[in-house]
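input34.cif follows; it contains mmCIF, C-alpha atoms.
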data_data
loop_
_atom_site.label_atom_id
_atom_site.label_comp_id
_atom_site.auth_asym_id
_atom_site.auth_seq_id
_atom_site.Cartn_x
_atom_site.Cartn_y
_atom_site.Cartn_z
CA LYS A 22 -226.07 -101.00 50.11
CA ILE A 23 -224.33 -97.62 50.27
CA ARG A 24 -225.40 -94.99 52.81
CA VAL A 25 -224.27 -91.36 52.56
CA PHE A 26 -224.21 -89.15 55.67
CA ASP A 27 -223.84 -85.41 56.10
CA GLY A 28 -223.01 -83.22 59.10
CA LEU A 29 -219.82 -84.98 60.19
CA PHE A 30 -217.64 -81.86 59.82
CA LEU A 31 -218.04 -78.17 60.49
CA PRO A 32 -217.29 -75.46 57.86
CA ASN A 33 -213.89 -74.89 59.53
CA ASP A 34 -213.02 -78.61 59.10
CA GLY A 35 -213.69 -79.33 62.74
CA ILE A 36 -215.62 -82.41 63.82
CA SER A 37 -219.27 -81.75 64.59
CA ARG A 38 -220.74 -82.99 67.86
CA GLU A 39 -224.18 -83.27 66.33
CA LYS A 40 -225.54 -86.57 65.11
CA PRO A 41 -224.90 -86.96 61.34
CA SER A 42 -227.93 -87.18 59.10
CA LEU A 43 -228.60 -89.75 56.39
CA VAL A 44 -228.90 -87.95 53.05
CA SER A 45 -228.92 -90.85 50.58
CA SER A 46 -229.06 -94.62 50.39
CA PHE A 47 -228.92 -96.91 47.37
CA VAL A 48 -227.96 -100.41 46.21
CA ALA A 49 -224.63 -99.98 44.44
CA ALA A 50 -224.23 -103.54 43.13
CA PRO A 51 -227.59 -105.32 42.91
CA GLU A 52 -226.14 -108.55 41.51
CA ILE A 53 -224.06 -109.29 44.63
CA ALA A 54 -225.43 -112.31 46.49
CA THR A 55 -225.59 -111.31 50.14
CA GLU A 56 -226.06 -114.87 51.37
CA THR A 57 -222.78 -116.05 49.84
CA ARG A 58 -220.04 -116.58 52.41
CA TYR A 59 -216.26 -116.24 52.10
CA THR A 60 -216.38 -113.66 49.33
CA SER A 61 -215.27 -110.05 49.16
CA GLY A 62 -218.85 -108.76 49.26
CA LEU A 63 -219.02 -105.03 48.47
CA VAL A 64 -215.73 -103.14 48.00
CA SER A 65 -215.62 -99.36 47.54
CA GLU A 66 -213.19 -96.48 47.06
CA TRP A 67 -214.30 -92.92 47.87
CA GLN A 68 -212.91 -89.79 46.21
CA GLN A 69 -213.63 -86.72 48.27
CA LEU A 70 -212.74 -84.44 45.37
CA GLY A 71 -215.73 -84.48 43.05
CA GLY A 72 -217.83 -86.75 45.27
CA ARG A 73 -217.18 -89.91 43.26
CA LEU A 74 -217.48 -93.49 44.48
CA PHE A 75 -215.98 -96.60 42.86
CA VAL A 76 -217.79 -99.83 43.73
CA GLY A 77 -216.84 -103.43 43.01
CA GLY A 78 -216.42 -106.71 44.86
CA ASN A 79 -218.16 -110.04 44.35
CA SER A 80 -219.49 -108.77 41.05
CA ALA A 81 -218.56 -108.87 37.37
CA PHE A 82 -218.56 -105.06 37.19
CA ILE A 83 -216.85 -102.02 38.64
CA ARG A 84 -219.18 -99.04 38.82
CA LEU A 85 -218.46 -95.33 39.15
CA TYR A 86 -221.09 -93.20 40.91
CA ASP A 87 -221.44 -89.43 40.99
CA LEU A 88 -223.04 -88.88 44.39
CA ALA A 89 -223.81 -85.22 43.73
CA ALA A 90 -225.87 -86.20 40.68
CA GLU A 91 -227.00 -89.43 42.39
CA LYS A 92 -226.38 -91.63 39.37
CA CYS A 93 -224.00 -94.22 37.96
CA ILE A 94 -221.84 -92.52 35.33
CA ASN A 95 -219.82 -95.54 34.20
CA SER A 96 -219.78 -99.30 34.52
CA PHE A 97 -217.23 -101.74 33.13
CA ASN A 98 -216.27 -105.39 33.38
CA THR A 99 -213.66 -106.52 35.88
CA LYS A 100 -211.98 -108.64 33.20
CA SER A 101 -212.11 -111.69 35.46
CA GLU A 102 -214.65 -114.50 35.34
CA THR A 103 -213.21 -116.71 38.07
CA CYS A 104 -212.54 -114.39 41.01
CA SER A 105 -213.91 -111.24 42.61
CA VAL A 106 -212.39 -107.85 43.31
CA THR A 107 -211.08 -107.72 46.88
CA THR A 108 -209.75 -104.15 47.09
CA LEU A 109 -209.84 -100.88 45.11
CA ALA A 110 -207.60 -97.80 45.14
CA THR A 111 -207.25 -94.67 43.03
CA ALA A 112 -204.11 -92.81 41.96
CA TRP A 113 -205.30 -89.54 43.41
CA GLN A 114 -204.04 -88.34 46.79
CA LYS A 115 -204.83 -85.24 48.79
CA ASP A 116 -201.78 -83.22 49.79
CA ILE A 117 -201.21 -80.01 51.75
CA SER A 118 -200.74 -78.19 48.44
CA GLY A 119 -203.68 -79.88 46.74
CA TYR A 120 -204.05 -83.21 44.95
CA SER A 121 -201.31 -85.31 43.37
CA GLY A 122 -201.07 -88.54 41.40
CA LEU A 123 -201.90 -89.84 37.97
CA GLY A 124 -205.44 -88.50 38.11
CA PRO A 125 -208.86 -89.31 39.55
CA ASP A 126 -209.76 -91.66 36.69
CA VAL A 127 -206.95 -94.19 37.21
CA ILE A 128 -208.07 -97.04 39.44
CA ILE A 129 -206.34 -100.21 40.55
CA ALA A 130 -208.09 -103.42 41.56
CA GLY A 131 -206.82 -106.42 43.50
CA TYR A 132 -208.39 -109.86 43.04
CA GLY A 133 -208.97 -113.02 45.00
CA ASN A 134 -206.48 -114.96 42.86
CA GLY A 135 -203.67 -112.50 43.62
CA SER A 136 -203.69 -110.55 40.36
CA VAL A 137 -203.59 -106.74 40.19
CA ARG A 138 -205.10 -104.72 37.33
CA LEU A 139 -205.15 -101.05 36.35
CA PHE A 140 -208.19 -99.41 34.75
CA ASP A 141 -209.01 -96.07 33.16
CA ALA A 142 -212.48 -94.99 34.27
CA ARG A 143 -212.78 -92.56 31.33
CA SER A 144 -213.13 -95.45 28.89
CA ASN A 145 -216.71 -96.29 27.96
CA ASN A 146 -216.09 -100.02 28.26
CA GLY A 147 -213.52 -99.83 31.06
CA GLU A 148 -210.52 -101.07 29.09
CA LEU A 149 -207.49 -101.94 31.12
CA ILE A 150 -204.83 -99.25 30.97
CA LEU A 151 -202.43 -100.01 28.16
CA HIS A 152 -198.78 -100.54 29.07
CA SER A 153 -195.85 -99.12 27.15
CA SER A 154 -192.32 -100.38 27.73
CA GLY A 155 -189.93 -97.58 28.57
CA GLU A 156 -192.36 -94.75 27.91
CA GLY A 157 -194.72 -94.92 30.89
CA PHE A 158 -198.34 -94.10 30.24
CA GLY A 159 -197.84 -90.93 28.20
CA ARG A 160 -196.75 -92.44 24.89
CA GLN A 161 -197.78 -95.96 24.08
CA ARG A 162 -196.27 -97.89 21.25
CA ARG A 163 -197.64 -101.36 21.71
CA LYS A 164 -200.96 -102.06 23.34
CA ARG A 165 -200.83 -104.49 26.20
CA TYR A 166 -202.98 -105.08 29.21
CA THR A 167 -201.40 -103.98 32.46
CA THR A 168 -202.02 -107.05 34.58
CA TYR A 169 -199.58 -108.04 37.30
CA SER A 170 -200.43 -111.73 37.60
CA GLU A 171 -197.36 -113.77 36.61
CA THR A 172 -195.16 -111.94 39.11
CA GLY A 173 -198.04 -110.96 41.40
CA HIS A 174 -199.48 -112.65 44.43
CA ASN A 175 -200.73 -116.19 44.81
CA SER A 176 -203.61 -115.45 47.16
CA TRP A 177 -206.27 -112.92 48.14
CA VAL A 178 -205.03 -109.32 47.79
CA VAL A 179 -205.61 -107.58 51.14
CA ASP A 180 -204.77 -103.98 50.25
CA LEU A 181 -203.45 -101.76 47.45
CA SER A 182 -202.17 -98.19 47.47
CA PHE A 183 -200.33 -95.76 45.21
CA ARG A 184 -197.10 -94.21 46.45
CA ASN A 185 -195.79 -90.99 44.91
CA TYR A 186 -192.20 -90.16 45.87
CA GLY A 187 -190.52 -87.67 43.55
CA SER A 188 -191.01 -88.78 39.97
CA ARG A 189 -191.74 -92.41 40.84
CA GLN A 190 -195.20 -93.91 40.79
CA GLU A 191 -195.27 -97.11 42.80
CA ILE A 192 -197.99 -99.53 43.78
CA VAL A 193 -197.75 -101.29 47.14
CA SER A 194 -199.82 -104.45 47.46
CA GLY A 195 -200.09 -107.26 49.95
CA CYS A 196 -201.83 -110.64 50.07
CA VAL A 197 -203.13 -113.00 52.72
CA GLU A 198 -199.98 -115.15 52.50
CA GLY A 199 -197.97 -112.21 53.86
CA ASN A 200 -196.09 -111.15 50.74
CA ILE A 201 -195.84 -107.38 50.14
CA LYS A 202 -194.86 -106.33 46.62
CA PHE A 203 -193.79 -103.04 45.09
CA PHE A 204 -194.63 -102.35 41.44
CA ASP A 205 -193.50 -99.53 39.17
CA LEU A 206 -196.04 -98.50 36.54
CA ARG A 207 -193.33 -98.51 33.88
CA TYR A 208 -192.59 -102.21 34.36
CA ARG A 209 -194.62 -105.39 34.42
CA GLU A 210 -192.59 -107.16 37.11
CA ALA A 211 -192.40 -106.39 40.81
CA LEU A 212 -189.49 -104.19 41.86
CA ARG A 213 -189.09 -105.98 45.18
CA THR A 214 -190.91 -108.30 47.53
CA ILE A 215 -190.83 -108.41 51.31
CA ASP A 216 -192.54 -110.70 53.80
CA HIS A 217 -194.27 -109.68 56.99
CA GLY A 218 -192.18 -112.31 58.73
CA HIS A 219 -194.72 -114.55 60.46
CA LYS A 220 -196.32 -117.85 59.55
CA MET A 221 -199.81 -116.58 60.26
CA GLN A 222 -201.90 -114.92 57.56
CA MET A 223 -201.91 -111.18 56.98
CA THR A 224 -205.45 -109.84 57.31
CA ALA A 225 -204.80 -106.07 57.08
CA LEU A 226 -202.25 -103.81 55.41
CA SER A 227 -201.68 -100.07 55.10
CA SER A 228 -198.91 -97.99 53.56
CA HIS A 229 -198.23 -94.41 54.65
CA SER A 230 -198.57 -91.82 51.88
CA LYS A 231 -195.69 -89.61 53.05
CA ILE A 232 -193.43 -91.85 55.11
CA PRO A 233 -191.80 -95.09 53.84
CA MET A 234 -193.68 -97.11 56.42
CA ILE A 235 -195.96 -100.16 56.23
CA ALA A 236 -198.31 -101.60 58.84
CA ALA A 237 -199.32 -105.27 58.64
CA GLY A 238 -201.94 -106.88 60.85
CA SER A 239 -202.54 -110.52 61.72
CA PRO A 240 -205.23 -112.64 63.38
CA SER A 241 -202.48 -113.55 65.86
CA GLN A 242 -203.25 -110.23 67.60
CA TYR A 243 -200.30 -108.08 66.61
CA ILE A 244 -199.49 -105.18 64.30
CA LYS A 245 -196.05 -104.96 62.75
CA ILE A 246 -194.65 -101.61 61.58
CA MET A 247 -192.03 -102.08 58.85
CA SER A 248 -189.84 -100.03 56.55
CA TYR A 249 -189.87 -100.50 52.79
CA ASP A 250 -186.78 -102.70 53.20
CA GLY A 251 -188.73 -105.13 55.37
CA LEU A 252 -187.06 -104.13 58.65
CA THR A 253 -189.29 -104.22 61.71
CA ASN A 254 -189.52 -100.83 63.42
CA GLN A 255 -192.20 -101.57 65.97
CA MET A 256 -194.53 -104.30 67.23
CA ILE A 257 -197.92 -103.48 68.75
CA ARG A 258 -199.56 -106.22 70.80
CA PHE A 259 -201.26 -104.48 73.71
CA HIS A 260 -203.55 -101.56 74.45
CA ARG A 261 -202.40 -98.87 76.84
CA ASP A 262 -204.11 -100.71 79.70
CA GLU A 263 -201.96 -103.78 78.90
CA GLN A 264 -204.94 -105.66 77.47
CA ARG A 265 -204.09 -107.75 74.42
CA ILE A 266 -205.43 -106.38 71.13
CA GLY A 267 -207.88 -108.49 69.14
CA PRO A 268 -207.37 -110.11 65.72
CA VAL A 269 -206.60 -107.26 63.32
CA SER A 270 -209.22 -106.67 60.63
CA SER A 271 -208.40 -103.18 59.26
CA LEU A 272 -205.58 -100.61 59.27
CA THR A 273 -205.19 -97.08 57.93
CA PHE A 274 -202.55 -94.37 58.34
CA HIS A 275 -203.07 -90.68 58.88
CA PRO A 276 -202.31 -88.98 55.52
CA HIS A 277 -199.55 -86.78 56.99
CA LEU A 278 -198.71 -87.71 60.60
CA PRO A 279 -197.26 -90.92 62.08
CA PHE A 280 -200.61 -92.11 63.43
CA LEU A 281 -202.26 -95.44 62.71
CA ALA A 282 -205.90 -96.41 63.22
CA ALA A 283 -206.65 -100.09 63.73
CA GLY A 284 -209.87 -102.06 63.87
CA PHE A 285 -210.21 -105.52 65.40
CA ALA A 286 -212.46 -108.49 64.87
CA ASP A 287 -213.89 -108.18 68.38
CA GLY A 288 -215.44 -104.81 67.51
CA THR A 289 -212.85 -102.63 69.26
CA TYR A 290 -210.54 -100.07 67.70
CA CYS A 291 -207.57 -97.92 68.64
CA LYS A 292 -205.34 -95.11 67.42
CA CYS A 293 -201.60 -95.73 67.62
CA LEU A 294 -198.80 -93.19 67.96
CA LEU A 295 -195.94 -94.86 66.12
CA THR A 296 -193.14 -93.30 68.14
CA LYS A 297 -194.19 -95.34 71.18
CA THR A 298 -195.37 -98.91 71.65
CA ILE A 299 -198.74 -97.87 73.06
CA THR A 300 -202.17 -97.17 71.75
CA ILE A 301 -203.98 -93.97 72.59
CA LYS A 302 -207.72 -93.47 72.51
#

So, in terms of structure tokens, how does the structure I just supplied come out?
Amino acid sequence: KIRVFDGLFLPNDGISREKPSLVSSFVAAPEIATETRYTSGLVSEWQQLGGRLFVGGNSAFIRLYDLAAEKCINSFNTKSETCSVTTLATAWQKDISGYSGLGPDVIIAGYGNGSVRLFDARSNNGELILHSSGEGFGRQRRKRYTTYSETGHNSWVVDLSFRNYGSRQEIVSGCVEGNIKFFDLRYREALRTIDHGHKMQMTALSSHSKIPMIAAGSPSQYIKIMSYDGLTNQMIRFHRDEQRIGPVSSLTFHPHLPFLAAGFADGTYCKCLLTKTITIK
């Protein structure tokens, strides 16, 4: 079930101290079995611009909702019968000067078997974006599905994100095994692969949109901050009060500043300033 709240922010973009109000609630994917364990459940990707919500997960479909109109405007097959969608991301980023990226209709999905697929939400039947060798996505000579499976991951995809540096459009993805791969949309094979460097599984991953920096979390109660070359810049194991952090379940960077928010399996959370090995509340 999806719940939509209003009143979180003031007109001047400040945070409101009033309690937010529930303005809408609906079942986004009715075919998902809630009693099934060890599945991705409900996975969503929110686009602030336009008020659109992409929804997928342990379902055969990816749906696109227009929350202003309160209706589903598109629904298409995930192109996978054996595994569920584990993460969604769109190629549309908010910048100081506006929005950048391929556009709000390009969406990428990671799967439980390690594959990564690109979709165009403008298509009526949700066809996978067609790949063109040497020409990018503008001019396509031979139609091929853009599916990074042969050179992709071998396990559950934890996180996906688009990176936009200069003229390059890269996808950063990571899986439970700890492999982090970089894809270029012009090629079908990974540009490079790095490892988070520990034998334990990777349960959370985030890539900064402006800084070549990656954060990887583990159930072994640590967060590793790495460069795109795989070099470790910082390790976070303790809160500011020297208490050990819990098993990491979620990570996300600030869109512009070197701040990291982390959530843990014990229900706690923290905000990390990445110039110091402390967490600040």

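When only C-alpha atoms are used to measure the gap to A:Val178, the shortest distance among A:Ile235, A:Leu212, A:Leu109, A:Leu85 belongs to A:Leu109.
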
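Nearest-residue note for A:Arg184: choosing from A:Gly62, A:Pro233, A:Pro51, A:Pro279, the minimum distance belongs to A:Pro233, counting all atoms listed in the file.
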
- prompt: Excluding same-chain residues fewer than 3 positions from A:Ser182, what lies within 9 Å of it counting all atoms listed in the file, as a PyMOL selection string?
  reply: chain A and resi 109-112+129+191-194+227-228+230

Create the file for the chosen residues now, containing C-alpha atoms and written as a JSON list (two decimals), in the frame of the given file.
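Saved file part05.json follows:
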[["chain", "number", "residue", "atom", "x", "y", "z"],
["A", 109, "LEU", "CA", -209.84, -100.88, 45.11],
["A", 110, "ALA", "CA", -207.60, -97.80, 45.14],
["A", 111, "THR", "CA", -207.25, -94.67, 43.03],
["A", 112, "ALA", "CA", -204.11, -92.81, 41.96],
["A", 129, "ILE", "CA", -206.34, -100.21, 40.55],
["A", 191, "GLU", "CA", -195.27, -97.11, 42.80],
["A", 192, "ILE", "CA", -197.99, -99.53, 43.78],
["A", 193, "VAL", "CA", -197.75, -101.29, 47.14],
["A", 194, "SER", "CA", -199.82, -104.45, 47.46],
["A", 227, "SER", "CA", -201.68, -100.07, 55.10],
["A", 228, "SER", "CA", -198.91, -97.99, 53.56],
["A", 230, "SER", "CA", -198.57, -91.82, 51.88]]

task: Quick one: everything within 7 Å of A:Ser80, counting only C-alpha atoms, minus sequence neighbours fewer than 4 positions away in the same chain. Send it as a ChimeraX atom specification.
output: /A:52-53,105

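Using only C-alpha atoms, the residues found no farther than 7 Å from stretch 73-78 of chain A, other than those of its own chain fewer than 6 positions away, are Ala49, Ser61, Gly62, Leu63, Val64, Ser65, Glu66, Trp67, Arg84, Leu85, Tyr86, Asp87, Leu88, Ser105, Val106 and Thr107 of chain A.
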
Those residues you just picked out, can you put them in a file as a PDB file, in the frame of the given file with C-alpha atoms?
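Writing the result to selection_31.pdb gives the following:
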ATOM      1  CA  ALA A  49    -224.630 -99.980  44.440  1.00  0.00           C
ATOM      2  CA  SER A  61    -215.270-110.050  49.160  1.00  0.00           C
ATOM      3  CA  GLY A  62    -218.850-108.760  49.260  1.00  0.00           C
ATOM      4  CA  LEU A  63    -219.020-105.030  48.470  1.00  0.00           C
ATOM      5  CA  VAL A  64    -215.730-103.140  48.000  1.00  0.00           C
ATOM      6  CA  SER A  65    -215.620 -99.360  47.540  1.00  0.00           C
ATOM      7  CA  GLU A  66    -213.190 -96.480  47.060  1.00  0.00           C
ATOM      8  CA  TRP A  67    -214.300 -92.920  47.870  1.00  0.00           C
ATOM      9  CA  ARG A  84    -219.180 -99.040  38.820  1.00  0.00           C
ATOM     10  CA  LEU A  85    -218.460 -95.330  39.150  1.00  0.00           C
ATOM     11  CA  TYR A  86    -221.090 -93.200  40.910  1.00  0.00           C
ATOM     12  CA  ASP A  87    -221.440 -89.430  40.990  1.00  0.00           C
ATOM     13  CA  LEU A  88    -223.040 -88.880  44.390  1.00  0.00           C
ATOM     14  CA  SER A 105    -213.910-111.240  42.610  1.00  0.00           C
ATOM     15  CA  VAL A 106    -212.390-107.850  43.310  1.00  0.00           C
ATOM     16  CA  THR A 107    -211.080-107.720  46.880  1.00  0.00           C
TER      17      THR A 107
END

Assuming the chain letters and numbering stay as they are in my file, what does the PyMOL selection byres ((chain A and resi 46) around 6) actually select? List them as a CSV table (one decimal) with C-alpha atoms, in the coordinates of the input.
chain,number,residue,atom,x,y,z
A,23,ILE,CA,-224.3,-97.6,50.3
A,24,ARG,CA,-225.4,-95.0,52.8
A,45,SER,CA,-228.9,-90.8,50.6
A,47,PHE,CA,-228.9,-96.9,47.4
